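K.L.:
Here it is, the structure in full.
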Amino acid sequence: MKKLIASLALGLSLVAAPAFAQGVVDTSKARTDISAEKAGKKFTIATVVKVDGIAWFDRMHTGVDQFAKNTGHDAFQVGPSQADAAAQVQIIENLIAQGVDAICVVPFSVEAVEPVLQKARERGIVVVAHEASNLKNADYVLEAFDNKAYGAKLMETLGKSMNGEGQYVTTVGSLTSQSQNEWIDGAVAYQKEHFPKMSEATGRLETYDDANTDYTKLSQALTTYPQLKGILGGPMPTSAGAGRLIAERGLKDKLFFAGTGLPSVAGQYLKDGDIQYIQFWDPAVAGYAMNTIAAMALAGKKDEIKAGLNLGLTGYENLTTPAGAAPNLLYGQGWVGVTAANMADYNF
């Protein structure tokens, strides 16, 4: 798989060891000192995602499976069949009852999972979170990048497509999905500073990480705001919902899109010109990275989990902590922008 971004300067040296077997994640430089053999124990690490069975988390699943294969730990992924906060909480409750060693979680609702994750930590379970920069009850929160900068880049692209004028709408999976709302915050702030003739037509559309819901809510917005010129999508499925709407209504070059997406989901719409730009990070690498941090904590390497940490994974070679943030909040540098011109470089 082509690397998502150029490698950054290494923050820490890795322990010399044979490279892991290769899979979808490039682990040629990944840490090997956290394997079950080196740790002297096989850890049970559960990754709990927002919703099972969509392309984004299918991709993350492959990274989790690869981590299990490479390290010998019992690492697996679970999630509710629909994006539902209560269902995700119940899954975590079940994992606590099973006595897992660590939980890696991508919360659908940060507020909903706070109490159950507090319970997990009180039982001695290590908690590593992703897409949840404001989560309190986590040992570590690993973000793929600076969330507001990610949103600002989306708006930069959308604003240029719209020639800096007109109304747009934004989508989030949930109004309590912290990272997605930070993306939109960054996008709107960028719009107000750089594209003053643009405006948000209405409040954020909550689409529950479902492409059909995206399509329906965007259709309703277009009926209410027929002069709509732009869509900025937070959740990955918006790229499909928006692409379908634009294609069906013949709105190519009239209604523009920029948002999170994957080539496997949005590729045809990019190719046909119905949408212009998608942005993403590799969920497989994020899943591998979360599990690596969990294994480091369990293996007695907590003192190494801080700014400057090099996980040996693309986009996570030099983790940083934002100024003024808690030291357990760690940012990578792992996003990529894709158009019709370079979509063939990414096979997921």
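Going through the structure tokens in order, the chains are called A, B, and so on, while each chain numbers its residues from 1 and the ligands are numbered from 1 in the order shown.
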I want to know what sits within 10 Å of Lys254 of chain A, based on only C-alpha atoms, with residues of the same chain fewer than 4 positions away left out; could you give that as a list of chain:residue names?
P.N.:
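My list of contacting residues is A:Ser161, A:Met162, A:Gln227, A:Leu228, A:Lys229, A:Gly230, A:Ile246, A:Gly250, A:Asp274.
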K.L.:
List the spatial neighbours of Ile184 of chain A as a ChimeraX atom specification - criterion: any atom at most 8 Å away, only C-alpha atoms, same-chain residues fewer than 4 positions off excluded.
P.N.:
/A:148,151,170,180,188,234
K.L.:
Which of these, A:Lys29, A:Arg249, A:Lys153, A:Lys119, has the shortest distance to Gln191 of chain A once you count only C-alpha atoms?
P.N.:
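So, comparing all the options, the nearest one is A:Lys153.
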K.L.:
Please, which residues of segment 46-161 of chain A, numbered as in this document, come out strand (DSSP E or B) from DSSP, as a list in words?
P.N.:
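Written out, the strand (DSSP E or B) residues of segment 46-161 of chain A are Ala46, Thr47, Val48, Asp74, Ala75, Phe76, Gln77, Val78, Ala102, Ile103, Cys104, Val105, Val126, Val127, Val128, Ala129, Tyr140, Val141, Leu142 and Glu143 of chain A.
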K.L.:
Just the selected residues (N, CA and C atoms), exported as a PDB file, in the first residue's frame, please.
P.N.:
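So result-v5.pdb came out as:
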ATOM      1  N   ALA A  46      -9.521  -5.602  23.133  1.00  0.00           N
ATOM      2  CA  ALA A  46     -10.731  -5.458  22.323  1.00  0.00           C
ATOM      3  C   ALA A  46     -10.790  -4.058  21.729  1.00  0.00           C
ATOM      4  N   THR A  47     -11.077  -3.962  20.445  1.00  0.00           N
ATOM      5  CA  THR A  47     -11.308  -2.680  19.788  1.00  0.00           C
ATOM      6  C   THR A  47     -12.806  -2.553  19.536  1.00  0.00           C
ATOM      7  N   VAL A  48     -13.418  -1.502  20.092  1.00  0.00           N
ATOM      8  CA  VAL A  48     -14.862  -1.289  19.977  1.00  0.00           C
ATOM      9  C   VAL A  48     -15.103  -0.095  19.069  1.00  0.00           C
ATOM     10  N   ASP A  74      -4.170 -11.547  21.770  1.00  0.00           N
ATOM     11  CA  ASP A  74      -5.565 -11.831  21.421  1.00  0.00           C
ATOM     12  C   ASP A  74      -6.260 -10.499  21.184  1.00  0.00           C
ATOM     13  N   ALA A  75      -6.119  -9.954  19.980  1.00  0.00           N
ATOM     14  CA  ALA A  75      -6.699  -8.664  19.622  1.00  0.00           C
ATOM     15  C   ALA A  75      -7.854  -8.902  18.656  1.00  0.00           C
ATOM     16  N   PHE A  76      -8.982  -8.269  18.930  1.00  0.00           N
ATOM     17  CA  PHE A  76     -10.162  -8.460  18.079  1.00  0.00           C
ATOM     18  C   PHE A  76     -10.994  -7.184  18.059  1.00  0.00           C
ATOM     19  N   GLN A  77     -11.923  -7.092  17.109  1.00  0.00           N
ATOM     20  CA  GLN A  77     -12.759  -5.901  16.953  1.00  0.00           C
ATOM     21  C   GLN A  77     -14.233  -6.267  17.022  1.00  0.00           C
ATOM     22  N   VAL A  78     -15.006  -5.431  17.694  1.00  0.00           N
ATOM     23  CA  VAL A  78     -16.456  -5.605  17.792  1.00  0.00           C
ATOM     24  C   VAL A  78     -17.118  -4.237  17.671  1.00  0.00           C
ATOM     25  N   ALA A 102      -7.443  -4.764  27.865  1.00  0.00           N
ATOM     26  CA  ALA A 102      -7.497  -3.394  27.339  1.00  0.00           C
ATOM     27  C   ALA A 102      -8.679  -3.246  26.394  1.00  0.00           C
ATOM     28  N   ILE A 103      -9.192  -2.018  26.335  1.00  0.00           N
ATOM     29  CA  ILE A 103     -10.251  -1.669  25.393  1.00  0.00           C
ATOM     30  C   ILE A 103      -9.780  -0.471  24.581  1.00  0.00           C
ATOM     31  N   CYS A 104      -9.747  -0.625  23.268  1.00  0.00           N
ATOM     32  CA  CYS A 104      -9.526   0.483  22.346  1.00  0.00           C
ATOM     33  C   CYS A 104     -10.902   0.867  21.798  1.00  0.00           C
ATOM     34  N   VAL A 105     -11.262   2.127  21.875  1.00  0.00           N
ATOM     35  CA  VAL A 105     -12.633   2.502  21.552  1.00  0.00           C
ATOM     36  C   VAL A 105     -12.686   3.719  20.643  1.00  0.00           C
ATOM     37  N   VAL A 126      -6.965  -1.161  30.699  1.00  0.00           N
ATOM     38  CA  VAL A 126      -6.376  -0.022  29.994  1.00  0.00           C
ATOM     39  C   VAL A 126      -7.340   0.436  28.904  1.00  0.00           C
ATOM     40  N   VAL A 127      -7.578   1.755  28.812  1.00  0.00           N
ATOM     41  CA  VAL A 127      -8.481   2.314  27.803  1.00  0.00           C
ATOM     42  C   VAL A 127      -7.699   3.244  26.886  1.00  0.00           C
ATOM     43  N   VAL A 128      -7.776   2.963  25.577  1.00  0.00           N
ATOM     44  CA  VAL A 128      -7.179   3.818  24.548  1.00  0.00           C
ATOM     45  C   VAL A 128      -8.303   4.244  23.615  1.00  0.00           C
ATOM     46  N   ALA A 129      -8.449   5.548  23.390  1.00  0.00           N
ATOM     47  CA  ALA A 129      -9.554   6.064  22.574  1.00  0.00           C
ATOM     48  C   ALA A 129      -9.032   6.714  21.297  1.00  0.00           C
ATOM     49  N   TYR A 140      -5.222   6.855  27.404  1.00  0.00           N
ATOM     50  CA  TYR A 140      -4.610   7.568  26.287  1.00  0.00           C
ATOM     51  C   TYR A 140      -5.661   7.829  25.221  1.00  0.00           C
ATOM     52  N   VAL A 141      -5.573   9.009  24.596  1.00  0.00           N
ATOM     53  CA  VAL A 141      -6.422   9.340  23.456  1.00  0.00           C
ATOM     54  C   VAL A 141      -5.494   9.585  22.270  1.00  0.00           C
ATOM     55  N   LEU A 142      -5.633   8.773  21.242  1.00  0.00           N
ATOM     56  CA  LEU A 142      -4.774   8.870  20.058  1.00  0.00           C
ATOM     57  C   LEU A 142      -5.593   9.407  18.885  1.00  0.00           C
ATOM     58  N   GLU A 143      -5.269  10.603  18.441  1.00  0.00           N
ATOM     59  CA  GLU A 143      -5.904  11.207  17.269  1.00  0.00           C
ATOM     60  C   GLU A 143      -4.950  11.108  16.084  1.00  0.00           C
TER      61      GLU A 143
END
K.L.:
Using only C-alpha atoms, find the one residue out of A:Leu309, A:Ala68, A:Ala284, A:Ala266 that sits nearest to Ala344 of chain A.
P.N.:
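Selected residue with least distance to Ala344 of chain A: A:Ala266.
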K.L.:
Would you work out the distance separating atom CA of Met343 of chain A from atom CA of Gly243 of chain A, expressed in Å to one decimal?
P.N.:
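These two atoms are separated by 15.4 Å.
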K.L.:
Smallest atom-to-atom distance to Val336 of chain A: which of A:Lys252, A:Glu93, A:Leu154, A:Phe257, using only C-alpha atoms?
P.N.:
A:Leu154
K.L.:
What is the distance, in Å and to one decimal place, between atom CA of Gly261 of chain A and atom CA of Ser177 of chain A?
P.N.:
16.8 Å
K.L.:
Within segment 30-203 of chain A, find each residue whose DSSP state, derived from the backbone, is alpha helix (DSSP H), and express the selection as a PDB file with C-alpha atoms, in the first residue's frame.
P.N.:
ATOM      1  CA  ALA A  36       3.350 -11.566  23.449  1.00  0.00           C
ATOM      2  CA  GLU A  37       6.703 -13.336  23.328  1.00  0.00           C
ATOM      3  CA  LYS A  38       8.680 -10.252  24.413  1.00  0.00           C
ATOM      4  CA  ALA A  39       6.100  -9.190  27.008  1.00  0.00           C
ATOM      5  CA  ALA A  55     -16.176   0.195   4.860  1.00  0.00           C
ATOM      6  CA  TRP A  56     -14.341   2.455   7.312  1.00  0.00           C
ATOM      7  CA  PHE A  57     -14.443   0.012  10.186  1.00  0.00           C
ATOM      8  CA  ASP A  58     -13.998  -3.002   7.932  1.00  0.00           C
ATOM      9  CA  ARG A  59     -10.681  -1.406   7.046  1.00  0.00           C
ATOM     10  CA  MET A  60      -9.861  -0.841  10.729  1.00  0.00           C
ATOM     11  CA  HIS A  61     -10.706  -4.493  11.352  1.00  0.00           C
ATOM     12  CA  THR A  62      -7.935  -5.570   8.988  1.00  0.00           C
ATOM     13  CA  GLY A  63      -5.418  -3.520  10.971  1.00  0.00           C
ATOM     14  CA  VAL A  64      -6.554  -5.033  14.264  1.00  0.00           C
ATOM     15  CA  ASP A  65      -6.355  -8.531  12.792  1.00  0.00           C
ATOM     16  CA  GLN A  66      -2.873  -7.817  11.483  1.00  0.00           C
ATOM     17  CA  PHE A  67      -1.766  -6.627  14.925  1.00  0.00           C
ATOM     18  CA  ALA A  68      -3.020  -9.893  16.431  1.00  0.00           C
ATOM     19  CA  LYS A  69      -1.195 -11.942  13.806  1.00  0.00           C
ATOM     20  CA  ASN A  70       2.046 -10.006  14.124  1.00  0.00           C
ATOM     21  CA  THR A  71       2.243  -9.779  17.900  1.00  0.00           C
ATOM     22  CA  ALA A  85     -24.626   4.810  21.752  1.00  0.00           C
ATOM     23  CA  ALA A  86     -26.517   2.468  24.074  1.00  0.00           C
ATOM     24  CA  ALA A  87     -25.527  -0.590  22.035  1.00  0.00           C
ATOM     25  CA  GLN A  88     -21.872   0.442  22.132  1.00  0.00           C
ATOM     26  CA  VAL A  89     -22.055   0.906  25.906  1.00  0.00           C
ATOM     27  CA  GLN A  90     -23.530  -2.581  26.284  1.00  0.00           C
ATOM     28  CA  ILE A  91     -20.680  -4.082  24.270  1.00  0.00           C
ATOM     29  CA  ILE A  92     -18.172  -2.404  26.578  1.00  0.00           C
ATOM     30  CA  GLU A  93     -20.082  -3.681  29.622  1.00  0.00           C
ATOM     31  CA  ASN A  94     -19.806  -7.210  28.227  1.00  0.00           C
ATOM     32  CA  LEU A  95     -16.079  -6.815  27.668  1.00  0.00           C
ATOM     33  CA  ILE A  96     -15.600  -5.642  31.255  1.00  0.00           C
ATOM     34  CA  ALA A  97     -17.461  -8.725  32.453  1.00  0.00           C
ATOM     35  CA  GLN A  98     -15.195 -10.901  30.302  1.00  0.00           C
ATOM     36  CA  VAL A 110     -18.259  10.526  24.205  1.00  0.00           C
ATOM     37  CA  GLU A 111     -20.819  11.438  26.877  1.00  0.00           C
ATOM     38  CA  ALA A 112     -22.460   8.024  26.693  1.00  0.00           C
ATOM     39  CA  VAL A 113     -19.261   6.018  27.142  1.00  0.00           C
ATOM     40  CA  GLU A 114     -17.699   8.097  29.948  1.00  0.00           C
ATOM     41  CA  PRO A 115     -19.345   6.162  32.838  1.00  0.00           C
ATOM     42  CA  VAL A 116     -18.709   2.688  31.432  1.00  0.00           C
ATOM     43  CA  LEU A 117     -15.084   3.518  30.597  1.00  0.00           C
ATOM     44  CA  GLN A 118     -14.606   4.836  34.115  1.00  0.00           C
ATOM     45  CA  LYS A 119     -15.861   1.458  35.316  1.00  0.00           C
ATOM     46  CA  ALA A 120     -13.411  -0.314  33.000  1.00  0.00           C
ATOM     47  CA  ARG A 121     -10.458   1.674  34.335  1.00  0.00           C
ATOM     48  CA  GLU A 122     -11.518   1.041  37.924  1.00  0.00           C
ATOM     49  CA  ASN A 147      -8.792  17.918  14.163  1.00  0.00           C
ATOM     50  CA  LYS A 148      -9.380  21.602  13.458  1.00  0.00           C
ATOM     51  CA  ALA A 149      -6.618  21.695  10.857  1.00  0.00           C
ATOM     52  CA  TYR A 150      -8.251  18.701   9.163  1.00  0.00           C
ATOM     53  CA  GLY A 151     -11.562  20.570   8.914  1.00  0.00           C
ATOM     54  CA  ALA A 152      -9.879  23.753   7.741  1.00  0.00           C
ATOM     55  CA  LYS A 153      -8.313  21.874   4.816  1.00  0.00           C
ATOM     56  CA  LEU A 154     -11.714  20.501   3.816  1.00  0.00           C
ATOM     57  CA  MET A 155     -13.157  24.016   3.819  1.00  0.00           C
ATOM     58  CA  GLU A 156     -10.218  25.405   1.875  1.00  0.00           C
ATOM     59  CA  THR A 157     -10.998  22.931  -0.886  1.00  0.00           C
ATOM     60  CA  LEU A 158     -14.783  23.379  -0.761  1.00  0.00           C
ATOM     61  CA  GLY A 159     -14.497  27.161  -0.736  1.00  0.00           C
ATOM     62  CA  LYS A 160     -12.363  27.155  -3.863  1.00  0.00           C
ATOM     63  CA  SER A 161     -14.871  24.880  -5.629  1.00  0.00           C
ATOM     64  CA  GLN A 178     -16.344  15.076  19.407  1.00  0.00           C
ATOM     65  CA  SER A 179     -13.715  14.771  16.694  1.00  0.00           C
ATOM     66  CA  GLN A 180     -16.160  15.215  13.806  1.00  0.00           C
ATOM     67  CA  ASN A 181     -17.576  18.311  15.467  1.00  0.00           C
ATOM     68  CA  GLU A 182     -14.047  19.657  15.885  1.00  0.00           C
ATOM     69  CA  TRP A 183     -13.516  19.139  12.138  1.00  0.00           C
ATOM     70  CA  ILE A 184     -16.619  21.193  11.439  1.00  0.00           C
ATOM     71  CA  ASP A 185     -15.536  23.830  13.971  1.00  0.00           C
ATOM     72  CA  GLY A 186     -12.235  24.142  12.133  1.00  0.00           C
ATOM     73  CA  ALA A 187     -13.992  24.279   8.761  1.00  0.00           C
ATOM     74  CA  VAL A 188     -16.467  26.989   9.783  1.00  0.00           C
ATOM     75  CA  ALA A 189     -13.734  29.085  11.397  1.00  0.00           C
ATOM     76  CA  TYR A 190     -11.696  28.859   8.195  1.00  0.00           C
ATOM     77  CA  GLN A 191     -14.741  29.813   6.106  1.00  0.00           C
ATOM     78  CA  LYS A 192     -15.468  32.901   8.195  1.00  0.00           C
ATOM     79  CA  GLU A 193     -11.882  34.088   7.903  1.00  0.00           C
ATOM     80  CA  HIS A 194     -11.186  33.254   4.265  1.00  0.00           C
TER      81      HIS A 194
END
K.L.:
Hey, can you check how far atom CA of Ala242 of chain A sits from atom CA of Asp209 of chain A?
P.N.:
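Here the two named atoms are 12.9 Å from each other.
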